[in-house]
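For reference, data24.tsv is printed below; it contains TSV, C-alpha atoms.
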```tsv
chain	number	residue	atom	x	y	z
U	1	MET	CA	-119.14	3.20	24.44
U	2	GLU	CA	-121.01	0.50	22.56
U	3	ASN	CA	-120.61	-3.18	23.38
U	4	PRO	CA	-118.83	-5.44	20.90
U	5	ASN	CA	-120.75	-7.99	18.84
U	6	ILE	CA	-120.31	-11.55	20.06
U	7	ALA	CA	-118.88	-13.37	17.05
U	8	GLU	CA	-118.94	-16.80	18.77
U	9	LYS	CA	-119.25	-18.11	22.30
U	10	LYS	CA	-116.14	-20.24	21.91
U	11	PRO	CA	-112.49	-19.49	21.19
U	12	ALA	CA	-110.84	-19.84	17.81
U	13	ILE	CA	-108.19	-22.52	18.28
U	14	LEU	CA	-105.51	-21.83	15.68
U	15	GLU	CA	-101.92	-22.74	14.98
U	16	LEU	CA	-100.25	-19.48	14.00
U	17	GLU	CA	-96.90	-18.91	12.36
U	18	ALA	CA	-94.52	-16.35	13.82
U	19	GLY	CA	-95.64	-12.87	12.81
U	20	THR	CA	-97.82	-9.87	13.54
U	21	TYR	CA	-101.61	-10.20	13.68
U	22	TRP	CA	-104.56	-7.85	14.22
U	23	TRP	CA	-107.34	-9.22	16.45
U	24	CYS	CA	-110.90	-8.00	15.82
U	25	ALA	CA	-112.22	-6.15	18.88
U	26	CYS	CA	-115.63	-5.13	17.50
U	27	GLY	CA	-116.94	-8.59	16.59
U	28	LYS	CA	-118.12	-7.46	13.14
U	29	SER	CA	-115.24	-8.81	11.03
U	30	GLN	CA	-116.14	-11.46	8.47
U	31	ASN	CA	-112.62	-12.86	9.00
U	32	GLN	CA	-112.92	-13.76	12.73
U	33	PRO	CA	-110.96	-13.62	14.90
U	34	PHE	CA	-108.91	-11.23	12.76
U	35	CYS	CA	-109.73	-7.65	11.76
U	36	ASP	CA	-111.07	-6.91	8.26
U	37	GLY	CA	-111.74	-3.19	8.82
U	38	SER	CA	-115.41	-3.59	9.79
U	39	HIS	CA	-114.81	-1.45	12.91
U	40	LYS	CA	-114.44	1.73	10.85
U	41	GLY	CA	-116.79	4.42	12.13
U	42	SER	CA	-117.15	2.74	15.53
U	43	GLY	CA	-115.29	3.30	18.77
U	44	PHE	CA	-113.37	0.04	18.35
U	45	THR	CA	-109.82	-0.50	17.14
U	46	PRO	CA	-108.17	-3.83	16.42
U	47	GLN	CA	-105.52	-5.13	18.80
U	48	LYS	CA	-102.08	-5.88	17.42
U	49	PHE	CA	-100.33	-8.96	18.78
U	50	GLU	CA	-97.16	-10.79	17.86
U	51	ILE	CA	-96.29	-14.46	17.85
U	52	GLN	CA	-92.57	-15.18	18.22
U	53	GLU	CA	-92.65	-18.78	17.04
U	54	LYS	CA	-95.22	-21.13	15.55
U	55	LYS	CA	-97.70	-22.15	18.26
U	56	LYS	CA	-101.31	-23.07	18.98
U	57	VAL	CA	-103.42	-20.28	20.49
U	58	ALA	CA	-107.01	-19.84	21.69
U	59	LEU	CA	-108.19	-16.43	20.48
U	60	CYS	CA	-111.26	-14.79	22.01
U	61	GLN	CA	-114.30	-14.53	19.75
U	62	CYS	CA	-116.85	-13.35	22.32
U	63	LYS	CA	-114.83	-10.08	22.70
U	64	TYR	CA	-115.28	-10.01	26.50
U	65	SER	CA	-112.02	-11.69	27.58
U	66	ASN	CA	-109.98	-9.93	30.25
U	67	ASN	CA	-106.86	-11.29	28.50
U	68	LYS	CA	-107.47	-10.04	24.95
U	69	PRO	CA	-106.78	-11.27	22.34
U	70	TYR	CA	-106.62	-14.62	24.14
U	71	CYS	CA	-109.62	-16.51	25.50
U	72	ASP	CA	-110.00	-16.56	29.29
U	73	GLY	CA	-113.35	-18.40	29.40
U	74	SER	CA	-115.48	-15.24	29.71
U	75	HIS	CA	-117.81	-16.60	27.00
U	76	LYS	CA	-119.12	-19.15	29.51
U	77	SER	CA	-120.91	-16.41	31.46
U	78	LEU	CA	-122.54	-14.66	28.48
```
Would you write out, as structure tokens, the structure that this file holds?
Amino acid sequence: MENPNIAEKKPAILELEAGTYWWCACGKSQNQPFCDGSHKGSGFTPQKFEIQEKKKVALCQCKYSNNKPYCDGSHKSL
């Protein structure tokens, strides 16, 4: 399997409303950290996640987190 593109070596710190979101796993989306369909034709699929109430989150943009879609600091070792 191919490795994902590193979109950024830092998390996207966002305040998200309650709802369903699709996190980009391939790193090719122009709408980071969210999926825009750029993965089509690759072995990657976006990851669905839900937020129950408005809150601040740190979403992974390096695509190597072990806690996807959330940042776990893995970008520091890339």
message = From (-96.6, -10.2, 17.2), in the file's coordinates, out to 8 Å: which residues are reached, counting all atoms listed in the file? Answer as a ChimeraX atom specification.
response = /U:18-21,48-52
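If all atoms listed in the file are the atoms counted, then among U:Asn3, U:Gly41, U:Lys10, U:Leu16 the closest residue to His75 (chain U) is U:Lys10.
Computed from the coordinates, the CA of Gln47 (chain U) to CA of Lys68 (chain U) distance equals 8.1 Å.
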request  = Name all residues at most 8 Å from Gly43 (chain U) (count all atoms listed in the file; drop same-chain ones fewer than 2 positions away) and give them as a PyMOL selection string.
outcome  = chain U and resi 1-2+39+41+45
Selected residue, from U:Gln32, U:Ser74, U:Asn67, U:Ser42, that lies nearest to Leu14 (chain U) when counting all atoms listed in the file = U:Gln32
Would you fill out region 37-58 of chain U with N, CA and C atoms and return it as an mmCIF file, keeping the file's coordinate frame?
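Final output, selection.cif:
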```cif
data_model
loop_
_atom_site.group_PDB
_atom_site.id
_atom_site.type_symbol
_atom_site.label_atom_id
_atom_site.label_comp_id
_atom_site.auth_asym_id
_atom_site.auth_seq_id
_atom_site.Cartn_x
_atom_site.Cartn_y
_atom_site.Cartn_z
ATOM 1 N N GLY U 37 -111.397 -4.601 8.998
ATOM 2 C CA GLY U 37 -111.740 -3.190 8.820
ATOM 3 C C GLY U 37 -113.184 -2.850 9.113
ATOM 4 N N SER U 38 -113.992 -3.824 9.534
ATOM 5 C CA SER U 38 -115.410 -3.590 9.790
ATOM 6 C C SER U 38 -115.667 -2.620 10.944
ATOM 7 N N HIS U 39 -114.668 -2.354 11.759
ATOM 8 C CA HIS U 39 -114.810 -1.450 12.910
ATOM 9 C C HIS U 39 -114.858 0.023 12.496
ATOM 10 N N LYS U 40 -114.510 0.328 11.268
ATOM 11 C CA LYS U 40 -114.440 1.730 10.850
ATOM 12 C C LYS U 40 -115.744 2.457 11.135
ATOM 13 N N GLY U 41 -115.620 3.630 11.758
ATOM 14 C CA GLY U 41 -116.790 4.420 12.130
ATOM 15 C C GLY U 41 -117.327 4.084 13.505
ATOM 16 N N SER U 42 -116.721 3.102 14.169
ATOM 17 C CA SER U 42 -117.150 2.740 15.530
ATOM 18 C C SER U 42 -116.068 3.204 16.509
ATOM 19 N N GLY U 43 -116.274 2.948 17.760
ATOM 20 C CA GLY U 43 -115.290 3.300 18.770
ATOM 21 C C GLY U 43 -114.259 2.215 19.001
ATOM 22 N N PHE U 44 -114.273 1.167 18.179
ATOM 23 C CA PHE U 44 -113.370 0.040 18.350
ATOM 24 C C PHE U 44 -112.141 0.158 17.463
ATOM 25 N N THR U 45 -111.038 -0.391 17.949
ATOM 26 C CA THR U 45 -109.820 -0.500 17.140
ATOM 27 C C THR U 45 -109.288 -1.913 17.332
ATOM 28 N N PRO U 46 -108.712 -2.484 16.295
ATOM 29 C CA PRO U 46 -108.170 -3.830 16.420
ATOM 30 C C PRO U 46 -106.955 -3.839 17.349
ATOM 31 N N GLN U 47 -106.668 -4.992 17.903
ATOM 32 C CA GLN U 47 -105.520 -5.130 18.800
ATOM 33 C C GLN U 47 -104.413 -5.891 18.096
ATOM 34 N N LYS U 48 -103.260 -5.256 18.022
ATOM 35 C CA LYS U 48 -102.080 -5.880 17.420
ATOM 36 C C LYS U 48 -101.464 -6.846 18.423
ATOM 37 N N PHE U 49 -101.081 -8.034 17.938
ATOM 38 C CA PHE U 49 -100.330 -8.960 18.780
ATOM 39 C C PHE U 49 -99.319 -9.701 17.932
ATOM 40 N N GLU U 50 -98.249 -10.125 18.571
ATOM 41 C CA GLU U 50 -97.160 -10.790 17.860
ATOM 42 C C GLU U 50 -96.920 -12.178 18.419
ATOM 43 N N ILE U 51 -96.639 -13.088 17.506
ATOM 44 C CA ILE U 51 -96.290 -14.460 17.850
ATOM 45 C C ILE U 51 -94.813 -14.616 17.484
ATOM 46 N N GLN U 52 -94.021 -15.068 18.433
ATOM 47 C CA GLN U 52 -92.570 -15.180 18.220
ATOM 48 C C GLN U 52 -92.162 -16.460 17.505
ATOM 49 N N GLU U 53 -92.930 -17.515 17.712
ATOM 50 C CA GLU U 53 -92.650 -18.780 17.040
ATOM 51 C C GLU U 53 -93.966 -19.507 16.826
ATOM 52 N N LYS U 54 -93.998 -20.403 15.869
ATOM 53 C CA LYS U 54 -95.220 -21.130 15.550
ATOM 54 C C LYS U 54 -95.778 -21.786 16.805
ATOM 55 N N LYS U 55 -97.075 -21.542 17.088
ATOM 56 C CA LYS U 55 -97.700 -22.150 18.260
ATOM 57 C C LYS U 55 -99.212 -22.149 18.126
ATOM 58 N N LYS U 56 -99.851 -22.987 18.936
ATOM 59 C CA LYS U 56 -101.310 -23.070 18.980
ATOM 60 C C LYS U 56 -101.811 -22.053 19.994
ATOM 61 N N VAL U 57 -102.839 -21.291 19.609
ATOM 62 C CA VAL U 57 -103.420 -20.280 20.490
ATOM 63 C C VAL U 57 -104.939 -20.416 20.503
ATOM 64 N N ALA U 58 -105.549 -19.902 21.568
ATOM 65 C CA ALA U 58 -107.010 -19.840 21.690
ATOM 66 C C ALA U 58 -107.369 -18.357 21.719
#
```
